[in-house]
file target_5.pdb (PDB, C-alpha atoms)
ATOM      1  CA  GLY A  20     -37.814 -13.639 -92.404
ATOM      2  CA  LYS A  21     -37.525 -16.655 -94.634
ATOM      3  CA  THR A  22     -36.030 -20.043 -93.858
ATOM      4  CA  SER A  23     -33.256 -21.662 -95.803
ATOM      5  CA  ASN A  24     -30.593 -24.229 -95.130
ATOM      6  CA  ALA A  25     -27.636 -22.820 -93.210
ATOM      7  CA  ARG A  26     -25.439 -24.039 -96.032
ATOM      8  CA  GLU A  27     -27.096 -21.404 -98.264
ATOM      9  CA  PRO A  28     -27.985 -18.518 -95.931
ATOM     10  CA  ASN A  29     -28.227 -16.120 -98.878
ATOM     11  CA  LYS A  30     -31.416 -17.927 -99.977
ATOM     12  CA  GLY A  31     -33.141 -17.044 -96.699
ATOM     13  CA  ILE A  32     -33.848 -13.877 -94.715
ATOM     14  CA  ASN A  33     -32.528 -14.046 -91.152
ATOM     15  CA  SER A  34     -35.240 -12.490 -88.971
ATOM     16  CA  ARG A  35     -32.874 -12.170 -86.004
ATOM     17  CA  ILE A  36     -30.415 -10.019 -87.957
ATOM     18  CA  LYS A  37     -33.243  -8.014 -89.523
ATOM     19  CA  GLY A  38     -34.877  -7.570 -86.098
ATOM     20  CA  THR A  39     -31.637  -6.564 -84.397
ATOM     21  CA  LYS A  40     -31.144  -3.735 -86.910
ATOM     22  CA  ARG A  41     -34.719  -2.561 -86.334
ATOM     23  CA  ASN A  42     -34.322  -2.792 -82.566
ATOM     24  CA  LYS A  43     -31.230  -0.586 -82.716
ATOM     25  CA  LYS A  44     -33.205   1.953 -84.725
ATOM     26  CA  LEU A  45     -36.099   1.736 -82.231
ATOM     27  CA  GLU A  46     -33.776   2.138 -79.259
ATOM     28  CA  ASN A  47     -31.988   5.172 -80.736
ATOM     29  CA  ASN A  48     -35.188   6.952 -81.833
ATOM     30  CA  TYR A  49     -37.153   6.138 -78.697
ATOM     31  CA  LYS A  50     -34.446   7.178 -76.234
ATOM     32  CA  LYS A  51     -34.551  10.645 -77.800
ATOM     33  CA  LEU A  52     -38.353  10.747 -77.710
ATOM     34  CA  ILE A  53     -38.756   9.738 -74.048
ATOM     35  CA  LYS A  54     -36.393  12.409 -72.712
ATOM     36  CA  LYS A  55     -39.417  14.727 -72.534
ATOM     37  CA  TYR A  56     -40.899  12.582 -69.744
ATOM     38  CA  LYS A  57     -38.066  13.221 -67.288
ATOM     39  CA  ASN A  58     -39.557  14.117 -63.913
ATOM     40  CA  GLY A  59     -36.907  15.381 -61.509
ATOM     41  CA  SER A  60     -34.369  12.589 -61.204
ATOM     42  CA  SER A  61     -36.883  10.031 -62.501
ATOM     43  CA  LYS A  62     -36.320   9.078 -66.155
ATOM     44  CA  SER A  63     -38.211   6.945 -68.642
ATOM     45  CA  SER A  64     -36.303   4.007 -70.048
ATOM     46  CA  ILE A  65     -36.440   1.267 -72.658
ATOM     47  CA  ASN A  66     -34.660  -2.089 -72.549
ATOM     48  CA  ILE A  67     -34.846  -4.900 -75.077
ATOM     49  CA  GLY A  68     -34.473  -7.698 -72.551
ATOM     50  CA  ILE A  69     -35.450 -10.942 -74.267
ATOM     51  CA  ILE A  70     -34.704 -12.033 -77.827
ATOM     52  CA  LYS A  71     -35.950 -15.430 -79.016
ATOM     53  CA  GLY A  72     -35.525 -16.947 -82.432
ATOM     54  CA  GLY A  73     -34.376 -19.920 -84.384
ATOM     55  CA  GLU A  74     -35.525 -23.503 -84.522
ATOM     56  CA  ASN A  75     -32.208 -25.196 -85.210
ATOM     57  CA  VAL A  76     -28.594 -24.232 -85.741
ATOM     58  CA  ASN A  77     -28.661 -25.455 -89.346
ATOM     59  CA  VAL A  78     -31.659 -23.318 -90.424
ATOM     60  CA  VAL A  79     -31.795 -19.588 -91.166
ATOM     61  CA  THR A  80     -34.080 -18.060 -88.545
ATOM     62  CA  HIS A  81     -37.430 -16.975 -89.959
ATOM     63  CA  ILE A  82     -39.266 -15.842 -86.803
ATOM     64  CA  THR A  83     -37.747 -13.792 -83.985
ATOM     65  CA  SER A  84     -39.520 -12.246 -81.022
ATOM     66  CA  PHE A  85     -38.350  -9.462 -78.745
ATOM     67  CA  GLN A  86     -39.630  -8.382 -75.358
ATOM     68  CA  ILE A  87     -39.215  -4.749 -74.457
ATOM     69  CA  ASP A  88     -39.272  -3.385 -70.923
ATOM     70  CA  ARG A  89     -40.501   0.218 -70.922
ATOM     71  CA  ARG A  90     -40.378   2.095 -67.606
ATOM     72  CA  ILE A  91     -42.458   5.241 -67.301
ATOM     73  CA  THR A  92     -42.469   8.262 -65.006
ATOM     74  CA  SER A  93     -45.428   9.817 -63.218
ATOM     75  CA  LYS A  94     -45.698  12.259 -66.168
ATOM     76  CA  GLU A  95     -46.888   9.362 -68.337
ATOM     77  CA  ASN A  96     -49.813   6.990 -68.673
ATOM     78  CA  ILE A  97     -49.201   3.285 -69.327
ATOM     79  CA  ASN A  98     -51.807   3.046 -72.098
ATOM     80  CA  ASN A  99     -50.536   6.129 -73.910
ATOM     81  CA  SER A 100     -46.946   4.936 -73.538
ATOM     82  CA  PHE A 101     -47.858   1.606 -75.132
ATOM     83  CA  LYS A 102     -49.611   3.339 -78.047
ATOM     84  CA  GLU A 103     -46.591   5.596 -78.506
ATOM     85  CA  ILE A 104     -44.067   2.743 -78.704
ATOM     86  CA  LYS A 105     -46.418   0.644 -80.834
ATOM     87  CA  ASN A 106     -46.760   3.481 -83.370
ATOM     88  CA  LEU A 107     -42.993   3.945 -83.493
ATOM     89  CA  ILE A 108     -42.407   0.202 -84.025
ATOM     90  CA  LYS A 109     -45.020   0.149 -86.813
ATOM     91  CA  ARG A 110     -43.259   3.066 -88.527
ATOM     92  CA  ILE A 111     -40.009   1.074 -88.425
ATOM     93  CA  ASP A 112     -41.598  -2.269 -89.412
ATOM     94  CA  LYS A 113     -45.188  -2.403 -90.676
ATOM     95  CA  SER A 114     -45.199  -6.226 -90.428
ATOM     96  CA  ALA A 115     -44.391  -6.294 -86.690
ATOM     97  CA  LYS A 116     -46.942  -7.973 -84.421
ATOM     98  CA  ILE A 117     -47.075  -6.099 -81.123
ATOM     99  CA  LYS A 118     -48.701  -7.253 -77.905
ATOM    100  CA  PHE A 119     -48.962  -5.577 -74.494
ATOM    101  CA  LEU A 120     -47.915  -8.106 -71.845
ATOM    102  CA  THR A 121     -48.168  -6.277 -68.527
ATOM    103  CA  GLY A 122     -47.672  -2.893 -66.931
ATOM    104  CA  THR A 123     -48.998  -0.268 -64.553
ATOM    105  CA  ASN A 124     -48.745   3.460 -64.113
ATOM    106  CA  ALA A 125     -45.870   4.979 -62.153
ATOM    107  CA  PHE A 126     -46.529   6.230 -58.644
ATOM    108  CA  LYS A 127     -45.024   8.456 -55.974
ATOM    109  CA  SER A 128     -45.524   8.521 -52.229
ATOM    110  CA  ASN A 129     -47.430  11.440 -50.765
ATOM    111  CA  LYS A 130     -44.820  13.151 -48.581
ATOM    112  CA  SER A 131     -47.505  14.592 -46.275
ATOM    113  CA  ASN A 132     -48.743  11.091 -45.371
ATOM    114  CA  LEU A 133     -48.674  10.506 -41.583
ATOM    115  CA  TYR A 134     -47.070   7.064 -41.898
ATOM    116  CA  LEU A 135     -44.334   8.368 -44.146
ATOM    117  CA  LYS A 136     -43.660  11.260 -41.757
ATOM    118  CA  ASN A 137     -43.378   8.793 -38.870
ATOM    119  CA  LEU A 138     -41.119   6.531 -40.891
ATOM    120  CA  ILE A 139     -38.861   9.521 -41.591
ATOM    121  CA  LYS A 140     -38.772  10.298 -37.845
ATOM    122  CA  SER A 141     -37.879   6.704 -37.066
ATOM    123  CA  TYR A 142     -35.128   6.722 -39.690
ATOM    124  CA  TYR A 143     -33.707   9.902 -38.170
ATOM    125  CA  VAL A 144     -33.736   8.415 -34.641
ATOM    126  CA  ILE A 145     -31.819   5.317 -35.778
ATOM    127  CA  LYS A 146     -29.457   6.790 -38.405
ATOM    128  CA  ASN A 147     -29.146  10.375 -37.099
ATOM    129  CA  LYS A 148     -29.752  11.745 -40.600
ATOM    130  CA  ARG A 149     -32.651  12.216 -43.001
ATOM    131  CA  PRO A 150     -33.444   9.382 -45.399
ATOM    132  CA  ASN A 151     -32.458   9.526 -49.029
ATOM    133  CA  PHE A 152     -35.525   9.186 -51.265
ATOM    134  CA  LEU A 153     -34.853   7.103 -54.345
ATOM    135  CA  ASP A 154     -36.774   6.897 -57.576
ATOM    136  CA  SER A 155     -38.372   3.537 -57.952
ATOM    137  CA  ILE A 156     -36.609   1.849 -60.842
ATOM    138  CA  GLY A 157     -38.354  -1.408 -60.176
ATOM    139  CA  VAL A 158     -41.823  -2.404 -59.271
ATOM    140  CA  SER A 159     -43.650  -3.643 -56.228
ATOM    141  CA  ASP A 160     -47.135  -4.897 -55.510
ATOM    142  CA  GLY A 161     -47.899  -1.347 -54.391
ATOM    143  CA  ARG A 162     -48.354  -0.405 -58.041
ATOM    144  CA  TYR A 163     -51.675  -2.266 -58.038
ATOM    145  CA  PHE A 164     -53.044   0.111 -55.398
ATOM    146  CA  SER A 165     -51.614   3.396 -56.650
ATOM    147  CA  ASN A 166     -54.493   4.133 -59.057
ATOM    148  CA  LYS A 167     -56.900   3.820 -56.142
ATOM    149  CA  LYS A 168     -55.233   6.799 -54.400
ATOM    150  CA  ILE A 169     -53.761   4.533 -51.713
ATOM    151  CA  ASN A 170     -50.429   5.923 -50.545
ATOM    152  CA  ILE A 171     -47.542   3.598 -51.336
ATOM    153  CA  ILE A 172     -44.295   3.580 -49.367
ATOM    154  CA  ASN A 173     -41.523   1.280 -50.589
ATOM    155  CA  ILE A 174     -38.703   0.877 -48.125
ATOM    156  CA  GLY A 175     -35.906  -1.544 -47.606
ATOM    157  CA  PRO A 176     -32.280  -1.999 -46.741
ATOM    158  CA  GLY A 177     -29.599  -1.057 -49.210
ATOM    159  CA  ASP A 178     -29.169   1.781 -51.648
ATOM    160  CA  GLY A 179     -31.018   0.285 -54.620
ATOM    161  CA  GLU A 180     -27.851  -0.148 -56.689
ATOM    162  CA  GLN A 181     -27.658  -3.919 -56.288
ATOM    163  CA  GLY A 182     -30.996  -4.927 -57.831
ATOM    164  CA  HIS A 183     -30.678  -7.694 -60.449
ATOM    165  CA  LYS A 184     -26.892  -7.451 -60.563
ATOM    166  CA  SER A 185     -24.661 -10.503 -60.551
ATOM    167  CA  ASN A 186     -23.707 -11.487 -57.009
ATOM    168  CA  GLU A 187     -26.250  -9.114 -55.493
ATOM    169  CA  THR A 188     -25.253  -8.316 -51.902
ATOM    170  CA  LEU A 189     -26.671  -6.684 -48.806
ATOM    171  CA  ILE A 190     -24.595  -5.220 -45.994
ATOM    172  CA  ILE A 191     -25.520  -6.750 -42.627
ATOM    173  CA  ASN A 192     -25.462  -3.331 -40.902
ATOM    174  CA  ASP A 193     -28.022  -2.027 -43.420
ATOM    175  CA  LEU A 194     -30.277  -4.978 -42.634
ATOM    176  CA  THR A 195     -29.891  -4.421 -38.874
ATOM    177  CA  ASP A 196     -30.620  -0.691 -39.246
ATOM    178  CA  TYR A 197     -33.668  -1.507 -41.371
ATOM    179  CA  PHE A 198     -35.011  -3.772 -38.611
ATOM    180  CA  MET A 199     -34.408  -1.080 -35.963
ATOM    181  CA  ILE A 200     -36.088   1.615 -38.107
ATOM    182  CA  LEU A 201     -39.206  -0.543 -38.515
ATOM    183  CA  LYS A 202     -39.223  -1.509 -34.816
ATOM    184  CA  ASN A 203     -38.922   2.142 -33.806
ATOM    185  CA  PHE A 204     -41.569   3.148 -36.381
ATOM    186  CA  LEU A 205     -44.095   0.983 -34.536
ATOM    187  CA  ASN A 206     -43.622   3.233 -31.460
ATOM    188  CA  PHE A 207     -44.899   6.243 -33.470
ATOM    189  CA  ILE A 208     -48.160   4.559 -34.515
TER     190      ILE A 208
END
call {"tool": "encode", "arguments": {"input": "target_5.pdb", "output": "structure tokens"}}
result
Amino acid sequence: GKTSNAREPNKGINSRIKGTKRNKKLENNYKKLIKKYKNGSSKSSINIGIIKGGENVNVVTHITSFQIDRRITSKENINNSFKEIKNLIKRIDKSAKIKFLTGTNAFKSNKSNLYLKNLIKSYYVIKNKRPNFLDSIGVSDGRYFSNKKINIINIGPGDGEQGHKSNETLIINDLTDYFMILKNFLNFI
């Protein structure tokens, strides 16, 4: 953008407004593009989560930065996904400066793993039903081991719907059941 006094905004170029229009274009185009990566109930996603810009209220914003959260499925590779989004951003705005901050490949648990089988047994003993396997929409430290062919099992109380929501809650019975499932699991080892 280009700075100017807020009294004469027409003499400047507001980078936040310009960037917001480009982000909308990115979001619309990219959501269509990433549909091809759907893997069962697991879907790729994009979220523009942080927008920073402006140095003072009385100055037209000349620099704005955006941070994009891009979640991938096991059909994708983190490096290729970054190149793909970078190329799309450059097509929308050749002047954009793009930097990879962090990320890892997606992973899935191996359902034939002995520990997972025993965890399923323990769940059944305590809850009298089979567990519901969820797609990981978040991340855990397990992601750092997944490329080394170490089986990752993420478990926990709750149904996964509360993560990062306002007034996040956990039902006490779910927490108690979780404790009993883990305690019982130790008997199978």
call {"tool": "residues_around", "arguments": {"input": "target_5.pdb", "residues": "Asn66 (chain A)", "least_positions_apart": "6", "cutoff": "9 Å", "atoms": "all atoms listed in the file", "output": "list of chain:residue names"}}
result
A:Glu46, A:Gln86, A:Ile87, A:Asp88, A:Arg89, A:Arg90
call {"tool": "closest_residue", "arguments": {"input": "target_5.pdb", "among": "A:Val79, A:Ile190, A:Ala115, A:Ile169", "to": "Arg26 (chain A)", "atoms": "all atoms listed in the file"}}
result
A:Val79
call {"tool": "residues_around", "arguments": {"input": "target_5.pdb", "residues": "Asn48 (chain A)", "least_positions_apart": "2", "cutoff": "12 Å", "atoms": "all atoms listed in the file", "output": "list in words"}}
result
Arg41, Asn42, Lys43, Lys44, Leu45, Glu46, Lys50, Lys51, Leu52, Ile53, Lys54, Ile65, Glu103, Ile104, Leu107, Ile108, Arg110 and Ile111 of chain A
call {"tool": "resolve_selection", "arguments": {"input": "target_5.pdb", "expression": "the PyMOL selection byres ((chain A and resi 33) around 7)", "output": "list in words"}}
result
Gly20, Lys21, Gly31, Ile32, Ser34, Arg35, Ile36, Lys37, Val79, Thr80 and His81 of chain A
call {"tool": "residues_near_point", "arguments": {"input": "target_5.pdb", "point": "(-44.5, 10.0, -47.0)", "cutoff": "10 Å", "atoms": "all atoms listed in the file", "output": "NGL selection string"}}
result
:A and (127-139 or 152 or 170-173)
call {"tool": "resolve_selection", "arguments": {"input": "target_5.pdb", "expression": "the PyMOL selection byres ((chain A and resi 145) around 8)", "output": "number ranges by chain"}}
result
A: 141-144, 146-147, 196, 199-200
call {"tool": "atom_distance", "arguments": {"input": "target_5.pdb", "atom1": "CA of Ile97 (chain A)", "atom2": "CA of Asp112 (chain A)"}}
result
22.2 Å
call {"tool": "axis_aligned_box", "arguments": {"input": "target_5.pdb", "around": "region 187-204 of chain A", "padding_each_side": "4 Å", "output": "JSON"}}
result
{"center_x": -33.1, "center_y": -3.0, "center_z": -44.6, "size_x": 25.0, "size_y": 20.3, "size_z": 29.7}
call {"tool": "resolve_selection", "arguments": {"input": "target_5.pdb", "expression": "the PyMOL selection byres ((chain A and resi 98) around 12)", "output": "PDB file with C-alpha atoms, keeping the file's coordinate frame"}}
result
ATOM      1  CA  ARG A  89     -40.501   0.218 -70.922  1.00  0.00           C
ATOM      2  CA  ILE A  91     -42.458   5.241 -67.301  1.00  0.00           C
ATOM      3  CA  GLU A  95     -46.888   9.362 -68.337  1.00  0.00           C
ATOM      4  CA  ASN A  96     -49.813   6.990 -68.673  1.00  0.00           C
ATOM      5  CA  ILE A  97     -49.201   3.285 -69.327  1.00  0.00           C
ATOM      6  CA  ASN A  99     -50.536   6.129 -73.910  1.00  0.00           C
ATOM      7  CA  SER A 100     -46.946   4.936 -73.538  1.00  0.00           C
ATOM      8  CA  PHE A 101     -47.858   1.606 -75.132  1.00  0.00           C
ATOM      9  CA  LYS A 102     -49.611   3.339 -78.047  1.00  0.00           C
ATOM     10  CA  GLU A 103     -46.591   5.596 -78.506  1.00  0.00           C
ATOM     11  CA  ILE A 104     -44.067   2.743 -78.704  1.00  0.00           C
ATOM     12  CA  LYS A 105     -46.418   0.644 -80.834  1.00  0.00           C
ATOM     13  CA  PHE A 119     -48.962  -5.577 -74.494  1.00  0.00           C
ATOM     14  CA  LEU A 120     -47.915  -8.106 -71.845  1.00  0.00           C
ATOM     15  CA  THR A 121     -48.168  -6.277 -68.527  1.00  0.00           C
ATOM     16  CA  GLY A 122     -47.672  -2.893 -66.931  1.00  0.00           C
ATOM     17  CA  THR A 123     -48.998  -0.268 -64.553  1.00  0.00           C
ATOM     18  CA  ASN A 124     -48.745   3.460 -64.113  1.00  0.00           C
ATOM     19  CA  ALA A 125     -45.870   4.979 -62.153  1.00  0.00           C
TER      20      ALA A 125
END
call {"tool": "atom_distance", "arguments": {"input": "target_5.pdb", "atom1": "CA of Asn58 (chain A)", "atom2": "CA of Leu189 (chain A)"}}
result
28.8 Å
call {"tool": "atom_distance", "arguments": {"input": "target_5.pdb", "atom1": "CA of Tyr49 (chain A)", "atom2": "CA of Gly72 (chain A)"}}
result
23.4 Å
call {"tool": "closest_residue", "arguments": {"input": "target_5.pdb", "among": "A:Asp160, A:Ile70, A:Ser61, A:Asn192", "to": "Ile82 (chain A)", "atoms": "only C-alpha atoms"}}
result
A:Ile70
call {"tool": "residues_near_point", "arguments": {"input": "target_5.pdb", "point": "(-42.7, 12.1, -69.0)", "cutoff": "6 Å", "atoms": "all atoms listed in the file", "output": "count of residues only"}}
result
6
call {"tool": "closest_residue", "arguments": {"input": "target_5.pdb", "among": "A:Gly177, A:Val76, A:Ser84, A:Pro150", "to": "Thr195 (chain A)", "atoms": "all atoms listed in the file"}}
result
A:Gly177
call {"tool": "closest_residue", "arguments": {"input": "target_5.pdb", "among": "A:Tyr197, A:Asn186, A:Asn206, A:Arg162", "to": "Ile174 (chain A)", "atoms": "only C-alpha atoms"}}
result
A:Tyr197
call {"tool": "closest_residue", "arguments": {"input": "target_5.pdb", "among": "A:Lys118, A:Phe207, A:Pro176, A:Ile67", "to": "Asp193 (chain A)", "atoms": "only C-alpha atoms"}}
result
A:Pro176
call {"tool": "closest_residue", "arguments": {"input": "target_5.pdb", "among": "A:Asn203, A:Asn151, A:Asn166, A:Ser23", "to": "Asp178 (chain A)", "atoms": "only C-alpha atoms"}}
result
A:Asn151
call {"tool": "build_atoms", "arguments": {"input": "target_5.pdb", "residues": "region 134-145 of chain A", "atoms": "all heavy atoms", "output": "PDB file, keeping the file's coordinate frame"}}
result
ATOM      1  N   TYR A 134     -47.960   8.220 -42.045  1.00  0.00           N
ATOM      2  CA  TYR A 134     -47.070   7.064 -41.898  1.00  0.00           C
ATOM      3  C   TYR A 134     -45.680   7.337 -42.456  1.00  0.00           C
ATOM      4  O   TYR A 134     -44.669   6.938 -41.878  1.00  0.00           O
ATOM      5  CB  TYR A 134     -47.675   5.823 -42.562  1.00  0.00           C
ATOM      6  CG  TYR A 134     -48.912   5.346 -41.865  1.00  0.00           C
ATOM      7  CD1 TYR A 134     -50.166   5.543 -42.435  1.00  0.00           C
ATOM      8  CD2 TYR A 134     -48.834   4.721 -40.627  1.00  0.00           C
ATOM      9  CE1 TYR A 134     -51.312   5.114 -41.788  1.00  0.00           C
ATOM     10  CE2 TYR A 134     -49.975   4.283 -39.970  1.00  0.00           C
ATOM     11  CZ  TYR A 134     -51.222   4.488 -40.563  1.00  0.00           C
ATOM     12  OH  TYR A 134     -52.343   4.069 -39.911  1.00  0.00           O
ATOM     13  N   LEU A 135     -45.632   8.034 -43.577  1.00  0.00           N
ATOM     14  CA  LEU A 135     -44.334   8.368 -44.146  1.00  0.00           C
ATOM     15  C   LEU A 135     -43.589   9.334 -43.231  1.00  0.00           C
ATOM     16  O   LEU A 135     -42.389   9.177 -43.003  1.00  0.00           O
ATOM     17  CB  LEU A 135     -44.483   8.957 -45.548  1.00  0.00           C
ATOM     18  CG  LEU A 135     -43.175   9.297 -46.263  1.00  0.00           C
ATOM     19  CD1 LEU A 135     -42.264   8.080 -46.361  1.00  0.00           C
ATOM     20  CD2 LEU A 135     -43.454   9.861 -47.645  1.00  0.00           C
ATOM     21  N   LYS A 136     -44.292  10.315 -42.695  1.00  0.00           N
ATOM     22  CA  LYS A 136     -43.660  11.260 -41.757  1.00  0.00           C
ATOM     23  C   LYS A 136     -43.092  10.518 -40.550  1.00  0.00           C
ATOM     24  O   LYS A 136     -41.982  10.809 -40.097  1.00  0.00           O
ATOM     25  CB  LYS A 136     -44.667  12.318 -41.307  1.00  0.00           C
ATOM     26  CG  LYS A 136     -44.976  13.353 -42.354  1.00  0.00           C
ATOM     27  CD  LYS A 136     -45.961  14.370 -41.823  1.00  0.00           C
ATOM     28  CE  LYS A 136     -46.207  15.466 -42.831  1.00  0.00           C
ATOM     29  NZ  LYS A 136     -47.119  16.491 -42.326  1.00  0.00           N
ATOM     30  N   ASN A 137     -43.856   9.562 -40.028  1.00  0.00           N
ATOM     31  CA  ASN A 137     -43.378   8.793 -38.870  1.00  0.00           C
ATOM     32  C   ASN A 137     -42.215   7.873 -39.242  1.00  0.00           C
ATOM     33  O   ASN A 137     -41.315   7.652 -38.442  1.00  0.00           O
ATOM     34  CB  ASN A 137     -44.520   7.984 -38.253  1.00  0.00           C
ATOM     35  CG  ASN A 137     -45.489   8.874 -37.491  1.00  0.00           C
ATOM     36  OD1 ASN A 137     -45.124   9.961 -37.052  1.00  0.00           O
ATOM     37  ND2 ASN A 137     -46.715   8.431 -37.358  1.00  0.00           N
ATOM     38  N   LEU A 138     -42.229   7.365 -40.427  1.00  0.00           N
ATOM     39  CA  LEU A 138     -41.119   6.531 -40.891  1.00  0.00           C
ATOM     40  C   LEU A 138     -39.847   7.375 -41.010  1.00  0.00           C
ATOM     41  O   LEU A 138     -38.752   6.927 -40.645  1.00  0.00           O
ATOM     42  CB  LEU A 138     -41.480   5.889 -42.228  1.00  0.00           C
ATOM     43  CG  LEU A 138     -40.603   4.746 -42.697  1.00  0.00           C
ATOM     44  CD1 LEU A 138     -40.559   3.606 -41.692  1.00  0.00           C
ATOM     45  CD2 LEU A 138     -41.092   4.234 -44.036  1.00  0.00           C
ATOM     46  N   ILE A 139     -39.998   8.604 -41.495  1.00  0.00           N
ATOM     47  CA  ILE A 139     -38.861   9.521 -41.591  1.00  0.00           C
ATOM     48  C   ILE A 139     -38.308   9.824 -40.201  1.00  0.00           C
ATOM     49  O   ILE A 139     -37.089   9.821 -39.987  1.00  0.00           O
ATOM     50  CB  ILE A 139     -39.262  10.818 -42.330  1.00  0.00           C
ATOM     51  CG1 ILE A 139     -39.537  10.511 -43.810  1.00  0.00           C
ATOM     52  CG2 ILE A 139     -38.198  11.903 -42.184  1.00  0.00           C
ATOM     53  CD1 ILE A 139     -40.205  11.643 -44.573  1.00  0.00           C
ATOM     54  N   LYS A 140     -39.208  10.062 -39.234  1.00  0.00           N
ATOM     55  CA  LYS A 140     -38.772  10.298 -37.845  1.00  0.00           C
ATOM     56  C   LYS A 140     -37.993   9.100 -37.310  1.00  0.00           C
ATOM     57  O   LYS A 140     -36.944   9.249 -36.683  1.00  0.00           O
ATOM     58  CB  LYS A 140     -39.983  10.537 -36.925  1.00  0.00           C
ATOM     59  CG  LYS A 140     -40.609  11.879 -37.014  1.00  0.00           C
ATOM     60  CD  LYS A 140     -41.738  11.949 -35.992  1.00  0.00           C
ATOM     61  CE  LYS A 140     -42.747  12.977 -36.361  1.00  0.00           C
ATOM     62  NZ  LYS A 140     -43.933  12.940 -35.478  1.00  0.00           N
ATOM     63  N   SER A 141     -38.529   7.916 -37.543  1.00  0.00           N
ATOM     64  CA  SER A 141     -37.879   6.704 -37.066  1.00  0.00           C
ATOM     65  C   SER A 141     -36.499   6.543 -37.699  1.00  0.00           C
ATOM     66  O   SER A 141     -35.531   6.187 -37.028  1.00  0.00           O
ATOM     67  CB  SER A 141     -38.755   5.489 -37.380  1.00  0.00           C
ATOM     68  OG  SER A 141     -38.125   4.312 -36.966  1.00  0.00           O
ATOM     69  N   TYR A 142     -36.406   6.800 -38.988  1.00  0.00           N
ATOM     70  CA  TYR A 142     -35.128   6.722 -39.690  1.00  0.00           C
ATOM     71  C   TYR A 142     -34.124   7.672 -39.040  1.00  0.00           C
ATOM     72  O   TYR A 142     -32.971   7.314 -38.787  1.00  0.00           O
ATOM     73  CB  TYR A 142     -35.320   7.065 -41.167  1.00  0.00           C
ATOM     74  CG  TYR A 142     -34.088   6.887 -42.009  1.00  0.00           C
ATOM     75  CD1 TYR A 142     -33.871   5.706 -42.706  1.00  0.00           C
ATOM     76  CD2 TYR A 142     -33.124   7.889 -42.115  1.00  0.00           C
ATOM     77  CE1 TYR A 142     -32.736   5.517 -43.483  1.00  0.00           C
ATOM     78  CE2 TYR A 142     -31.984   7.719 -42.880  1.00  0.00           C
ATOM     79  CZ  TYR A 142     -31.802   6.538 -43.566  1.00  0.00           C
ATOM     80  OH  TYR A 142     -30.679   6.368 -44.319  1.00  0.00           O
ATOM     81  N   TYR A 143     -34.592   8.896 -38.759  1.00  0.00           N
ATOM     82  CA  TYR A 143     -33.707   9.902 -38.170  1.00  0.00           C
ATOM     83  C   TYR A 143     -33.220   9.465 -36.785  1.00  0.00           C
ATOM     84  O   TYR A 143     -32.045   9.647 -36.446  1.00  0.00           O
ATOM     85  CB  TYR A 143     -34.412  11.257 -38.085  1.00  0.00           C
ATOM     86  CG  TYR A 143     -33.471  12.368 -37.726  1.00  0.00           C
ATOM     87  CD1 TYR A 143     -32.678  12.965 -38.697  1.00  0.00           C
ATOM     88  CD2 TYR A 143     -33.351  12.807 -36.414  1.00  0.00           C
ATOM     89  CE1 TYR A 143     -31.777  13.972 -38.365  1.00  0.00           C
ATOM     90  CE2 TYR A 143     -32.453  13.809 -36.068  1.00  0.00           C
ATOM     91  CZ  TYR A 143     -31.674  14.384 -37.048  1.00  0.00           C
ATOM     92  OH  TYR A 143     -30.778  15.368 -36.720  1.00  0.00           O
ATOM     93  N   VAL A 144     -34.103   8.881 -35.991  1.00  0.00           N
ATOM     94  CA  VAL A 144     -33.736   8.415 -34.641  1.00  0.00           C
ATOM     95  C   VAL A 144     -32.636   7.349 -34.737  1.00  0.00           C
ATOM     96  O   VAL A 144     -31.674   7.369 -33.972  1.00  0.00           O
ATOM     97  CB  VAL A 144     -34.974   7.855 -33.892  1.00  0.00           C
ATOM     98  CG1 VAL A 144     -34.578   7.079 -32.654  1.00  0.00           C
ATOM     99  CG2 VAL A 144     -35.936   8.984 -33.539  1.00  0.00           C
ATOM    100  N   ILE A 145     -32.774   6.427 -35.665  1.00  0.00           N
ATOM    101  CA  ILE A 145     -31.819   5.317 -35.778  1.00  0.00           C
ATOM    102  C   ILE A 145     -30.533   5.724 -36.494  1.00  0.00           C
ATOM    103  O   ILE A 145     -29.437   5.377 -36.068  1.00  0.00           O
ATOM    104  CB  ILE A 145     -32.461   4.106 -36.502  1.00  0.00           C
ATOM    105  CG1 ILE A 145     -33.711   3.614 -35.767  1.00  0.00           C
ATOM    106  CG2 ILE A 145     -31.447   2.982 -36.718  1.00  0.00           C
ATOM    107  CD1 ILE A 145     -33.494   3.210 -34.320  1.00  0.00           C
TER     108      ILE A 145
END
